[in-house]
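**Student:** Structure file work_11.pdb (PDB, C-alpha atoms) is given on the next line.
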```
ATOM      1  CA  MET A   1     -65.836 -32.296  68.307
ATOM      2  CA  ASN A   2     -67.414 -33.089  71.665
ATOM      3  CA  ASP A   3     -67.958 -29.472  72.630
ATOM      4  CA  ARG A   4     -69.728 -28.998  69.335
ATOM      5  CA  HIS A   5     -71.991 -31.984  69.944
ATOM      6  CA  ASP A   6     -72.762 -30.847  73.522
ATOM      7  CA  ASN A   7     -74.273 -27.710  72.067
ATOM      8  CA  PRO A   8     -78.083 -28.178  71.930
ATOM      9  CA  ASP A   9     -78.138 -26.391  68.578
ATOM     10  CA  ASP A  10     -75.994 -29.137  67.109
ATOM     11  CA  ARG A  11     -77.968 -32.026  68.532
ATOM     12  CA  ILE A  12     -78.981 -32.913  65.014
ATOM     13  CA  ALA A  13     -75.320 -33.531  64.166
ATOM     14  CA  THR A  14     -74.944 -35.924  67.096
ATOM     15  CA  ILE A  15     -78.016 -37.912  66.135
ATOM     16  CA  ALA A  16     -77.051 -37.928  62.469
ATOM     17  CA  LYS A  17     -73.603 -39.225  63.456
ATOM     18  CA  GLN A  18     -75.145 -42.043  65.519
ATOM     19  CA  SER A  19     -77.368 -42.995  62.635
ATOM     20  CA  PHE A  20     -74.411 -42.851  60.243
ATOM     21  CA  ASP A  21     -72.225 -45.002  62.519
ATOM     22  CA  GLU A  22     -74.954 -47.632  62.668
ATOM     23  CA  SER A  23     -75.069 -47.781  58.900
ATOM     24  CA  VAL A  24     -71.268 -48.135  58.824
ATOM     25  CA  ASP A  25     -71.370 -50.974  61.351
ATOM     26  CA  SER A  26     -74.036 -52.832  59.399
ATOM     27  CA  LEU A  27     -72.155 -52.973  56.089
ATOM     28  CA  ASP A  28     -72.486 -56.451  54.590
ATOM     29  CA  ALA A  29     -69.651 -58.936  54.272
ATOM     30  CA  ALA A  30     -69.414 -58.659  50.485
ATOM     31  CA  THR A  31     -68.878 -54.905  50.722
ATOM     32  CA  LEU A  32     -66.281 -55.277  53.473
ATOM     33  CA  SER A  33     -64.482 -57.873  51.389
ATOM     34  CA  ARG A  34     -64.420 -55.545  48.402
ATOM     35  CA  LEU A  35     -63.079 -52.727  50.568
ATOM     36  CA  ASN A  36     -60.349 -55.040  51.776
ATOM     37  CA  ARG A  37     -59.413 -55.914  48.201
ATOM     38  CA  SER A  38     -59.367 -52.231  47.283
ATOM     39  CA  ARG A  39     -57.008 -51.536  50.181
ATOM     40  CA  GLN A  40     -54.672 -54.341  49.128
ATOM     41  CA  ALA A  41     -54.707 -53.030  45.549
ATOM     42  CA  ALA A  42     -53.782 -49.574  46.829
ATOM     43  CA  LEU A  43     -50.964 -50.913  49.001
ATOM     44  CA  ALA A  44     -49.636 -52.860  46.019
ATOM     45  CA  GLU A  45     -48.823 -49.461  44.520
ATOM     46  CA  MET A  46     -45.976 -49.247  47.019
ATOM     47  CA  ARG A  47     -44.244 -52.183  45.353
ATOM     48  CA  LYS A  48     -44.270 -50.440  42.003
ATOM     49  CA  PRO A  49     -41.161 -48.359  41.316
ATOM     50  CA  SER A  50     -41.649 -44.651  41.768
ATOM     51  CA  TRP A  51     -40.638 -42.172  39.061
ATOM     52  CA  SER A  52     -37.413 -43.084  37.270
ATOM     53  CA  TRP A  53     -35.747 -41.996  34.072
ATOM     54  CA  GLN A  54     -36.254 -45.484  32.601
ATOM     55  CA  GLN A  55     -40.023 -44.877  32.611
ATOM     56  CA  TRP A  56     -39.566 -41.955  30.255
ATOM     57  CA  MET A  57     -37.106 -43.684  27.906
ATOM     58  CA  PRO A  58     -39.666 -44.851  25.332
ATOM     59  CA  ALA A  59     -41.381 -41.461  25.266
ATOM     60  CA  SER A  60     -38.046 -39.620  25.085
ATOM     61  CA  GLY A  61     -36.852 -41.860  22.249
ATOM     62  CA  LEU A  62     -40.042 -41.281  20.314
ATOM     63  CA  ALA A  63     -39.840 -37.516  20.851
ATOM     64  CA  ALA A  64     -36.220 -37.458  19.660
ATOM     65  CA  ALA A  65     -37.127 -39.478  16.551
ATOM     66  CA  VAL A  66     -39.984 -37.102  15.743
ATOM     67  CA  LEU A  67     -37.696 -34.066  16.160
ATOM     68  CA  LEU A  68     -35.065 -35.618  13.889
ATOM     69  CA  ALA A  69     -37.687 -36.387  11.275
ATOM     70  CA  VAL A  70     -39.002 -32.810  11.409
ATOM     71  CA  PHE A  71     -35.504 -31.351  11.016
ATOM     72  CA  ALA A  72     -34.681 -33.779   8.210
ATOM     73  CA  PHE A  73     -37.748 -32.739   6.223
ATOM     74  CA  ARG A  74     -37.681 -29.026   6.975
ATOM     75  CA  GLY A  75     -33.911 -28.428   6.927
ATOM     76  CA  PRO A  76     -33.400 -27.806   3.167
ATOM     77  CA  ALA A  77     -36.571 -25.735   2.964
ATOM     78  CA  GLU A  78     -35.228 -23.402   5.647
ATOM     79  CA  ILE A  79     -31.985 -22.903   3.695
ATOM     80  CA  ASP A  80     -33.976 -21.899   0.614
ATOM     81  CA  PHE A  81     -36.103 -19.638   2.753
ATOM     82  CA  VAL A  82     -32.992 -17.829   4.007
ATOM     83  CA  GLY A  83     -31.691 -17.410   0.458
ATOM     84  CA  GLU A  84     -34.828 -15.993  -1.102
ATOM     85  CA  PRO A  85     -35.008 -12.717   0.831
ATOM     86  CA  ALA A  86     -31.354 -12.045  -0.038
ATOM     87  CA  THR A  87     -32.142 -12.421  -3.752
ATOM     88  CA  ASP A  88     -35.173 -10.163  -3.398
ATOM     89  CA  LEU A  89     -33.048  -7.596  -1.603
ATOM     90  CA  GLU A  90     -30.484  -7.603  -4.395
ATOM     91  CA  ILE A  91     -33.198  -6.988  -6.954
ATOM     92  CA  LEU A  92     -34.736  -4.165  -4.949
ATOM     93  CA  LEU A  93     -31.392  -2.400  -4.371
ATOM     94  CA  SER A  94     -30.057  -2.752  -7.922
ATOM     95  CA  GLU A  95     -30.332   0.089 -10.352
ATOM     96  CA  GLU A  96     -31.889  -2.114 -13.036
ATOM     97  CA  SER A  97     -35.594  -1.838 -13.608
ATOM     98  CA  ILE A  98     -37.967  -4.423 -12.225
ATOM     99  CA  GLU A  99     -39.189  -5.120 -15.741
ATOM    100  CA  MET A 100     -35.742  -6.401 -16.671
ATOM    101  CA  PHE A 101     -35.787  -8.983 -13.894
ATOM    102  CA  GLU A 102     -39.261 -10.046 -14.992
ATOM    103  CA  ASP A 103     -37.872 -10.659 -18.505
ATOM    104  CA  LEU A 104     -34.716 -12.436 -17.354
ATOM    105  CA  GLU A 105     -35.623 -15.503 -19.382
ATOM    106  CA  PHE A 106     -35.781 -13.411 -22.554
ATOM    107  CA  TYR A 107     -32.433 -11.727 -21.924
ATOM    108  CA  SER A 108     -30.879 -15.086 -21.151
ATOM    109  CA  TRP A 109     -32.127 -16.412 -24.515
ATOM    110  CA  LEU A 110     -30.904 -13.254 -26.231
ATOM    111  CA  ALA A 111     -27.413 -13.654 -24.769
ATOM    112  CA  THR A 112     -27.302 -17.243 -25.998
ATOM    113  CA  GLN A 113     -28.280 -16.097 -29.500
ATOM    114  CA  GLU A 114     -25.602 -13.397 -29.455
ATOM    115  CA  LEU A 115     -22.937 -15.876 -28.392
ATOM    116  CA  GLU A 116     -23.967 -18.238 -31.157
ATOM    117  CA  GLY A 117     -23.891 -15.319 -33.592
ATOM    118  CA  ASN A 118     -20.383 -14.334 -32.443
ATOM    119  CA  GLY A 119     -19.280 -17.907 -32.908
ATOM    120  CA  ASP A 120     -20.484 -17.773 -36.468
ATOM    121  CA  LEU A 121     -18.645 -14.561 -36.992
ATOM    122  CA  GLY A 122     -15.499 -15.949 -35.484
TER     123      GLY A 122
ATOM    124  CA  MET B   1     -13.485 -48.188  54.256
ATOM    125  CA  THR B   2     -12.827 -51.773  53.088
ATOM    126  CA  ALA B   3     -14.915 -53.519  50.464
ATOM    127  CA  GLY B   4     -16.475 -55.741  53.119
ATOM    128  CA  THR B   5     -17.426 -52.756  55.271
ATOM    129  CA  ALA B   6     -18.856 -50.949  52.244
ATOM    130  CA  ASP B   7     -20.960 -54.006  51.350
ATOM    131  CA  PHE B   8     -22.162 -54.214  54.930
ATOM    132  CA  ALA B   9     -23.039 -50.500  54.934
ATOM    133  CA  VAL B  10     -24.985 -50.883  51.671
ATOM    134  CA  SER B  11     -26.711 -53.961  53.071
ATOM    135  CA  CYS B  12     -27.615 -52.015  56.248
ATOM    136  CA  ASP B  13     -28.960 -49.120  54.174
ATOM    137  CA  GLU B  14     -31.076 -51.512  52.127
ATOM    138  CA  SER B  15     -32.413 -53.286  55.192
ATOM    139  CA  GLN B  16     -33.183 -49.934  56.843
ATOM    140  CA  THR B  17     -34.994 -48.766  53.707
ATOM    141  CA  GLY B  18     -36.884 -52.062  53.587
ATOM    142  CA  ALA B  19     -37.851 -51.727  57.236
ATOM    143  CA  ARG B  20     -39.006 -48.158  56.693
ATOM    144  CA  THR B  21     -41.087 -49.222  53.676
ATOM    145  CA  LEU B  22     -42.643 -52.049  55.656
ATOM    146  CA  GLN B  23     -43.421 -49.706  58.529
ATOM    147  CA  GLN B  24     -44.961 -47.202  56.138
ATOM    148  CA  ALA B  25     -47.038 -49.953  54.502
ATOM    149  CA  GLN B  26     -48.342 -51.017  57.903
ATOM    150  CA  LYS B  27     -49.249 -47.439  58.801
ATOM    151  CA  LEU B  28     -51.003 -46.938  55.480
ATOM    152  CA  ASP B  29     -52.856 -50.230  55.897
ATOM    153  CA  GLN B  30     -54.033 -49.161  59.355
ATOM    154  CA  PHE B  31     -55.038 -45.733  58.134
ATOM    155  CA  LEU B  32     -56.970 -47.016  55.123
ATOM    156  CA  ALA B  33     -58.654 -49.716  57.212
ATOM    157  CA  SER B  34     -59.696 -47.041  59.710
ATOM    158  CA  VAL B  35     -61.337 -44.777  57.108
ATOM    159  CA  GLU B  36     -62.533 -47.101  54.342
ATOM    160  CA  ARG B  37     -66.009 -47.916  55.669
ATOM    161  CA  ARG B  38     -66.901 -44.358  56.609
ATOM    162  CA  ALA B  39     -65.436 -43.147  53.325
ATOM    163  CA  LEU B  40     -67.608 -45.617  51.454
ATOM    164  CA  ARG B  41     -70.769 -44.470  53.222
ATOM    165  CA  ILE B  42     -69.869 -40.799  52.722
ATOM    166  CA  ALA B  43     -69.346 -41.387  49.001
ATOM    167  CA  GLU B  44     -72.496 -43.503  48.828
ATOM    168  CA  ILE B  45     -74.627 -40.783  50.431
ATOM    169  CA  ALA B  46     -73.167 -38.260  47.995
ATOM    170  CA  ILE B  47     -73.783 -40.295  44.830
ATOM    171  CA  ARG B  48     -76.363 -42.893  45.953
ATOM    172  CA  ASP B  49     -74.711 -45.816  44.204
ATOM    173  CA  ARG B  50     -72.713 -48.340  46.209
ATOM    174  CA  ASP B  51     -70.748 -49.887  43.341
ATOM    175  CA  GLU B  52     -69.687 -46.500  42.058
ATOM    176  CA  ALA B  53     -68.877 -45.414  45.611
ATOM    177  CA  LEU B  54     -66.649 -48.462  46.042
ATOM    178  CA  ASP B  55     -64.785 -47.534  42.854
ATOM    179  CA  LEU B  56     -64.337 -43.961  44.047
ATOM    180  CA  VAL B  57     -62.963 -45.134  47.405
ATOM    181  CA  GLN B  58     -60.537 -47.512  45.693
ATOM    182  CA  ASN B  59     -59.317 -44.737  43.380
ATOM    183  CA  ALA B  60     -58.819 -42.425  46.349
ATOM    184  CA  MET B  61     -56.837 -45.124  48.177
ATOM    185  CA  ILE B  62     -54.611 -45.753  45.163
ATOM    186  CA  LYS B  63     -53.963 -42.059  44.556
ATOM    187  CA  LEU B  64     -53.145 -41.461  48.210
ATOM    188  CA  VAL B  65     -50.635 -44.333  48.276
ATOM    189  CA  ARG B  66     -49.172 -43.420  44.905
ATOM    190  CA  ASN B  67     -48.786 -39.685  45.433
ATOM    191  CA  TYR B  68     -48.899 -38.831  49.123
ATOM    192  CA  ARG B  69     -47.620 -41.824  51.082
ATOM    193  CA  SER B  70     -44.445 -39.979  52.044
ATOM    194  CA  ARG B  71     -46.421 -37.090  53.559
ATOM    195  CA  ASP B  72     -46.877 -36.774  57.299
ATOM    196  CA  THR B  73     -49.419 -39.286  58.634
ATOM    197  CA  ASP B  74     -51.495 -36.423  60.083
ATOM    198  CA  GLU B  75     -52.036 -35.163  56.538
ATOM    199  CA  TRP B  76     -53.338 -38.441  55.168
ATOM    200  CA  ALA B  77     -56.967 -38.041  56.259
ATOM    201  CA  PRO B  78     -57.510 -34.545  54.775
ATOM    202  CA  LEU B  79     -55.655 -35.536  51.604
ATOM    203  CA  PHE B  80     -57.573 -38.782  51.263
ATOM    204  CA  TYR B  81     -60.901 -37.013  51.622
ATOM    205  CA  ARG B  82     -59.829 -34.294  49.248
ATOM    206  CA  ILE B  83     -59.133 -36.939  46.598
ATOM    207  CA  LEU B  84     -62.436 -38.634  47.382
ATOM    208  CA  GLN B  85     -64.419 -35.373  47.207
ATOM    209  CA  ASN B  86     -62.783 -34.556  43.870
ATOM    210  CA  GLY B  87     -63.831 -37.998  42.669
ATOM    211  CA  VAL B  88     -67.394 -37.390  43.816
ATOM    212  CA  ARG B  89     -67.503 -34.028  42.028
ATOM    213  CA  ASP B  90     -66.128 -35.572  38.825
ATOM    214  CA  TRP B  91     -68.734 -38.329  39.098
ATOM    215  CA  HIS B  92     -71.536 -35.752  39.352
ATOM    216  CA  ARG B  93     -70.154 -33.890  36.322
ATOM    217  CA  ARG B  94     -70.040 -37.097  34.283
ATOM    218  CA  GLN B  95     -73.585 -37.949  35.363
ATOM    219  CA  ALA B  96     -74.802 -34.514  34.323
ATOM    220  CA  VAL B  97     -73.268 -34.968  30.874
ATOM    221  CA  ARG B  98     -74.689 -38.505  30.627
ATOM    222  CA  ARG B  99     -78.163 -37.257  31.575
ATOM    223  CA  ARG B 100     -78.006 -34.615  28.859
ATOM    224  CA  VAL B 101     -77.031 -37.249  26.294
ATOM    225  CA  MET B 102     -79.563 -39.822  27.524
ATOM    226  CA  ALA B 103     -82.359 -37.245  27.390
ATOM    227  CA  TRP B 104     -82.224 -37.608  23.598
ATOM    228  CA  MET B 105     -82.383 -41.395  23.632
ATOM    229  CA  PRO B 106     -85.386 -43.712  24.192
ATOM    230  CA  ARG B 107     -85.488 -45.332  27.638
ATOM    231  CA  ALA B 108     -86.010 -49.084  28.070
ATOM    232  CA  LYS B 109     -87.716 -50.029  31.343
ATOM    233  CA  SER B 110     -86.336 -53.082  33.115
ATOM    234  CA  ASP B 111     -88.689 -55.496  34.915
ATOM    235  CA  ASP B 112     -86.544 -55.715  38.058
ATOM    236  CA  SER B 113     -85.651 -52.033  38.242
ATOM    237  CA  ASP B 114     -87.525 -51.622  41.541
ATOM    238  CA  TYR B 115     -85.651 -54.434  43.272
ATOM    239  CA  ASP B 116     -83.169 -53.213  45.876
ATOM    240  CA  ALA B 117     -80.755 -56.009  46.829
ATOM    241  CA  ILE B 118     -79.300 -54.038  49.736
ATOM    242  CA  ALA B 119     -82.706 -53.337  51.228
ATOM    243  CA  ALA B 120     -83.725 -56.975  50.759
ATOM    244  CA  ALA B 121     -80.642 -58.382  52.499
ATOM    245  CA  PRO B 122     -81.125 -59.705  56.073
ATOM    246  CA  ASP B 123     -79.878 -57.565  58.957
ATOM    247  CA  LEU B 124     -76.534 -58.960  60.175
ATOM    248  CA  ALA B 125     -76.777 -57.114  63.476
ATOM    249  CA  GLY B 126     -79.854 -59.195  64.386
ATOM    250  CA  ARG B 127     -82.196 -56.280  65.092
ATOM    251  CA  ALA B 128     -85.943 -56.745  65.355
ATOM    252  CA  PRO B 129     -87.867 -55.851  62.183
ATOM    253  CA  ASP B 130     -89.629 -52.898  63.902
ATOM    254  CA  GLU B 131     -86.390 -51.448  65.187
ATOM    255  CA  GLU B 132     -84.704 -52.060  61.856
ATOM    256  CA  LEU B 133     -87.549 -50.348  60.018
ATOM    257  CA  GLN B 134     -87.453 -47.330  62.330
ATOM    258  CA  ASN B 135     -83.661 -47.033  62.067
ATOM    259  CA  SER B 136     -83.594 -47.566  58.340
ATOM    260  CA  GLU B 137     -86.358 -44.999  57.833
ATOM    261  CA  ALA B 138     -84.557 -42.460  60.010
ATOM    262  CA  MET B 139     -81.299 -43.175  58.222
ATOM    263  CA  ARG B 140     -82.949 -42.945  54.827
ATOM    264  CA  ASP B 141     -84.553 -39.601  55.710
ATOM    265  CA  MET B 142     -81.252 -38.307  56.983
ATOM    266  CA  GLU B 143     -79.357 -39.592  53.920
ATOM    267  CA  THR B 144     -81.873 -38.008  51.582
ATOM    268  CA  ALA B 145     -81.661 -34.702  53.415
ATOM    269  CA  VAL B 146     -77.843 -34.750  53.415
ATOM    270  CA  HIS B 147     -77.728 -35.840  49.771
ATOM    271  CA  ASN B 148     -80.006 -32.945  48.791
ATOM    272  CA  LEU B 149     -77.824 -30.325  50.461
ATOM    273  CA  PRO B 150     -75.817 -28.078  48.136
ATOM    274  CA  THR B 151     -72.469 -29.747  47.327
ATOM    275  CA  ARG B 152     -70.225 -27.641  49.557
ATOM    276  CA  GLN B 153     -72.632 -27.826  52.507
ATOM    277  CA  ARG B 154     -72.885 -31.594  52.091
ATOM    278  CA  GLU B 155     -69.108 -31.944  52.009
ATOM    279  CA  ALA B 156     -68.617 -29.773  55.077
ATOM    280  CA  PHE B 157     -71.327 -31.578  57.022
ATOM    281  CA  MET B 158     -70.150 -35.098  56.182
ATOM    282  CA  LEU B 159     -66.454 -34.413  56.724
ATOM    283  CA  ARG B 160     -67.049 -32.634  60.034
ATOM    284  CA  THR B 161     -69.834 -34.802  61.406
ATOM    285  CA  PHE B 162     -69.380 -38.253  59.898
ATOM    286  CA  GLU B 163     -65.610 -38.375  59.510
ATOM    287  CA  GLY B 164     -64.866 -36.127  62.462
ATOM    288  CA  LEU B 165     -62.292 -33.946  60.711
ATOM    289  CA  ASP B 166     -61.566 -30.651  62.467
ATOM    290  CA  VAL B 167     -62.110 -27.323  60.717
ATOM    291  CA  ALA B 168     -58.520 -27.145  59.437
ATOM    292  CA  GLY B 169     -58.600 -30.710  58.103
ATOM    293  CA  THR B 170     -61.981 -30.126  56.477
ATOM    294  CA  ALA B 171     -60.621 -26.981  54.839
ATOM    295  CA  VAL B 172     -57.751 -28.991  53.323
ATOM    296  CA  ALA B 173     -60.129 -31.736  52.205
ATOM    297  CA  MET B 174     -62.492 -29.221  50.609
ATOM    298  CA  GLY B 175     -59.773 -26.980  49.223
ATOM    299  CA  CYS B 176     -61.179 -23.821  50.809
ATOM    300  CA  SER B 177     -60.614 -21.549  53.794
ATOM    301  CA  GLU B 178     -61.534 -22.452  57.363
ATOM    302  CA  GLY B 179     -64.028 -19.591  57.361
ATOM    303  CA  SER B 180     -65.807 -21.104  54.375
ATOM    304  CA  VAL B 181     -65.962 -24.468  56.138
ATOM    305  CA  LYS B 182     -67.647 -22.873  59.143
ATOM    306  CA  THR B 183     -70.133 -21.070  56.927
ATOM    307  CA  HIS B 184     -70.997 -24.169  54.872
ATOM    308  CA  TYR B 185     -71.296 -26.309  57.969
ATOM    309  CA  SER B 186     -73.515 -23.828  59.754
ATOM    310  CA  ARG B 187     -75.817 -23.529  56.746
ATOM    311  CA  ALA B 188     -75.936 -27.319  56.406
ATOM    312  CA  ILE B 189     -76.996 -27.732  60.049
ATOM    313  CA  HIS B 190     -79.625 -25.029  59.645
ATOM    314  CA  SER B 191     -80.992 -26.641  56.499
ATOM    315  CA  LEU B 192     -81.045 -30.146  58.002
ATOM    316  CA  ARG B 193     -82.806 -28.875  61.105
ATOM    317  CA  GLU B 194     -85.509 -27.418  58.925
ATOM    318  CA  LYS B 195     -85.917 -30.608  56.895
ATOM    319  CA  LEU B 196     -85.557 -33.181  59.655
ATOM    320  CA  GLY B 197     -86.797 -31.153  62.574
ATOM    321  CA  GLU B 198     -89.709 -33.408  63.463
ATOM    322  CA  HIS B 199     -87.479 -36.515  63.599
ATOM    323  CA  TYR B 200     -84.489 -35.052  65.358
ATOM    324  CA  GLN B 201     -85.812 -32.598  67.953
TER     325      GLN B 201
END
```
As structure tokens, how would this structure be written, given the file I've shared?
**Tutor:**
Amino acid sequence: MNDRHDNPDDRIATIAKQSFDESVDSLDAATLSRLNRSRQAALAEMRKPSWSWQQWMPASGLAAAVLLAVFAFRGPAEIDFVGEPATDLEILLSEESIEMFEDLEFYSWLATQELEGNGDLG
Amino acid sequence: MTAGTADFAVSCDESQTGARTLQQAQKLDQFLASVERRALRIAEIAIRDRDEALDLVQNAMIKLVRNYRSRDTDEWAPLFYRILQNGVRDWHRRQAVRRRVMAWMPRAKSDDSDYDAIAAAPDLAGRAPDEELQNSEAMRDMETAVHNLPTRQREAFMLRTFEGLDVAGTAVAMGCSEGSVKTHYSRAIHSLREKLGEHYQ
């Protein structure tokens, strides 16, 4: 630093530094007291425990509960979701016409009627 | 190893750890005490508000102790000033946002808004009023000129000149290369010479 300040071109830095140091030395007592309190507050951080797994326990517990809740609600839906494409695939690959599957309700009713009719016959 | 020896070893380890912590606390206390006043003035010149500057210095102290106390003591000063400079930049960003919001709101003028408690306080160093006036005027001119420098130039100038960090330390504190520090510093000196030439030649 000194070599820099000995340079005439940087004389302004030397004078500015002197002026700055004077302002530092003339800080009032209230400000110095507050700085001291700030320093003590900072040093008090050393007495606090550093990172430990206990700090994350509440957050971890909450996260686990949320995950469980999500799985509990979405679990059955996923099973249905897996089943649906298989049913669709069966329909697409079968030799029956699509119209028949659309009228499944009708054919179901018809089969019931036929069974009842056979019963009467029997 | 017997149970008694094991207990003694554990006790020794604990006492050694305690001694190390105490030693570290003393070093940190000394370091913070050595930089706190200059740090406050540097922050105050940058933001022109002593209360806010005090808050920024306290935050920087806390973050240094919390996150970097185990680092090498030589690294503390650049790291501390890096935290402080980040705080100053965040403060300016918040002020810019606040100004944009306040521009839409009506402004109430306070009766005592011109009163400056710091300027009105008596000089503790016991200087004569003339000398005090001359010094305070010179300091005020210099502060204004430094404050008005572009951010990076102001940081380079204050860290190099006021805090006395070397180029490498200033580069760490500013989060840039040493070449950039030299460039910013050189431009800052050039600009200050132009603005304050008549006072400082």
**Student:** For chain A against chain B, with a cut-off of 10 Å and counting only C-alpha atoms, what is the closest atom pair and its distance in Å to one decimal for every residue that makes the cut, ordered by chain and number, as a Markdown table?
**Tutor:**
```
| residue | atom | partner | partner_atom | distance |
| --- | --- | --- | --- | --- |
| A:Met1 | CA | B:Gly164 | CA | 7.1 |
| A:Arg4 | CA | B:Thr161 | CA | 9.8 |
| A:His5 | CA | B:Thr161 | CA | 9.2 |
| A:Pro8 | CA | B:Gln201 | CA | 9.8 |
| A:Asp9 | CA | B:Ile189 | CA | 8.7 |
| A:Asp10 | CA | B:Ile189 | CA | 7.3 |
| A:Arg11 | CA | B:Tyr200 | CA | 7.9 |
| A:Ile12 | CA | B:Tyr200 | CA | 5.9 |
| A:Ala13 | CA | B:Thr161 | CA | 6.3 |
| A:Thr14 | CA | B:Thr161 | CA | 7.7 |
| A:Ile15 | CA | B:Tyr200 | CA | 7.1 |
| A:Ala16 | CA | B:Met142 | CA | 6.9 |
| A:Lys17 | CA | B:Phe162 | CA | 5.6 |
| A:Gln18 | CA | B:Phe162 | CA | 8.9 |
| A:Ser19 | CA | B:Met139 | CA | 5.9 |
| A:Phe20 | CA | B:Phe162 | CA | 6.8 |
| A:Asp21 | CA | B:Phe162 | CA | 7.8 |
| A:Glu22 | CA | B:Asn135 | CA | 8.7 |
| A:Ser23 | CA | B:Met139 | CA | 7.8 |
| A:Val24 | CA | B:Arg37 | CA | 6.1 |
| A:Asp25 | CA | B:Arg37 | CA | 8.4 |
| A:Ser26 | CA | B:Ala125 | CA | 6.5 |
| A:Leu27 | CA | B:Arg37 | CA | 8.0 |
| A:Asp28 | CA | B:Leu124 | CA | 7.3 |
| A:Ala29 | CA | B:Leu124 | CA | 9.1 |
| A:Thr31 | CA | B:Leu54 | CA | 8.3 |
| A:Leu32 | CA | B:Arg37 | CA | 7.7 |
| A:Arg34 | CA | B:Leu54 | CA | 7.8 |
| A:Leu35 | CA | B:Glu36 | CA | 6.8 |
| A:Asn36 | CA | B:Ala33 | CA | 7.8 |
| A:Arg37 | CA | B:Gln58 | CA | 8.8 |
| A:Ser38 | CA | B:Gln58 | CA | 5.1 |
| A:Arg39 | CA | B:Leu32 | CA | 6.7 |
| A:Gln40 | CA | B:Asp29 | CA | 8.1 |
| A:Ala41 | CA | B:Ile62 | CA | 7.3 |
| A:Ala42 | CA | B:Ile62 | CA | 4.3 |
| A:Leu43 | CA | B:Val65 | CA | 6.6 |
| A:Ala44 | CA | B:Ile62 | CA | 8.7 |
| A:Glu45 | CA | B:Arg66 | CA | 6.1 |
| A:Met46 | CA | B:Val65 | CA | 6.9 |
| A:Arg47 | CA | B:Thr21 | CA | 9.4 |
| A:Lys48 | CA | B:Arg66 | CA | 9.0 |
| A:Ser50 | CA | B:Arg66 | CA | 8.2 |
```
**Student:** With 6 Å of padding per side, what axis-aligned box (centre and edge lengths, Å, one decimal) covers all the listed atoms of segment 41-51 of chain B? Give it as AutoDock Vina command-line options.
**Tutor:**
```
--center_x -72.9 --center_y -44.1 --center_z 48.3 --size_x 19.0 --size_y 23.6 --size_z 21.9
```
**Student:** What is the distance, in Å and to one decimal place, between atom CA of Arg152 of chain B and atom CA of His184 of chain B?
**Tutor:** 6.4 Å
**Student:** At what distance in Å, to one decimal, does atom CA of Leu79 of chain B lie from atom CA of Val97 of chain B?
**Tutor:** 27.2 Å
**Student:** Segment 47-49 of chain B: which residues within 8 Å, counting all atoms listed in the file, same-chain residues fewer than 5 positions away excluded, as a PyMOL selection string?
**Tutor:** chain B and resi 88+91-92+147
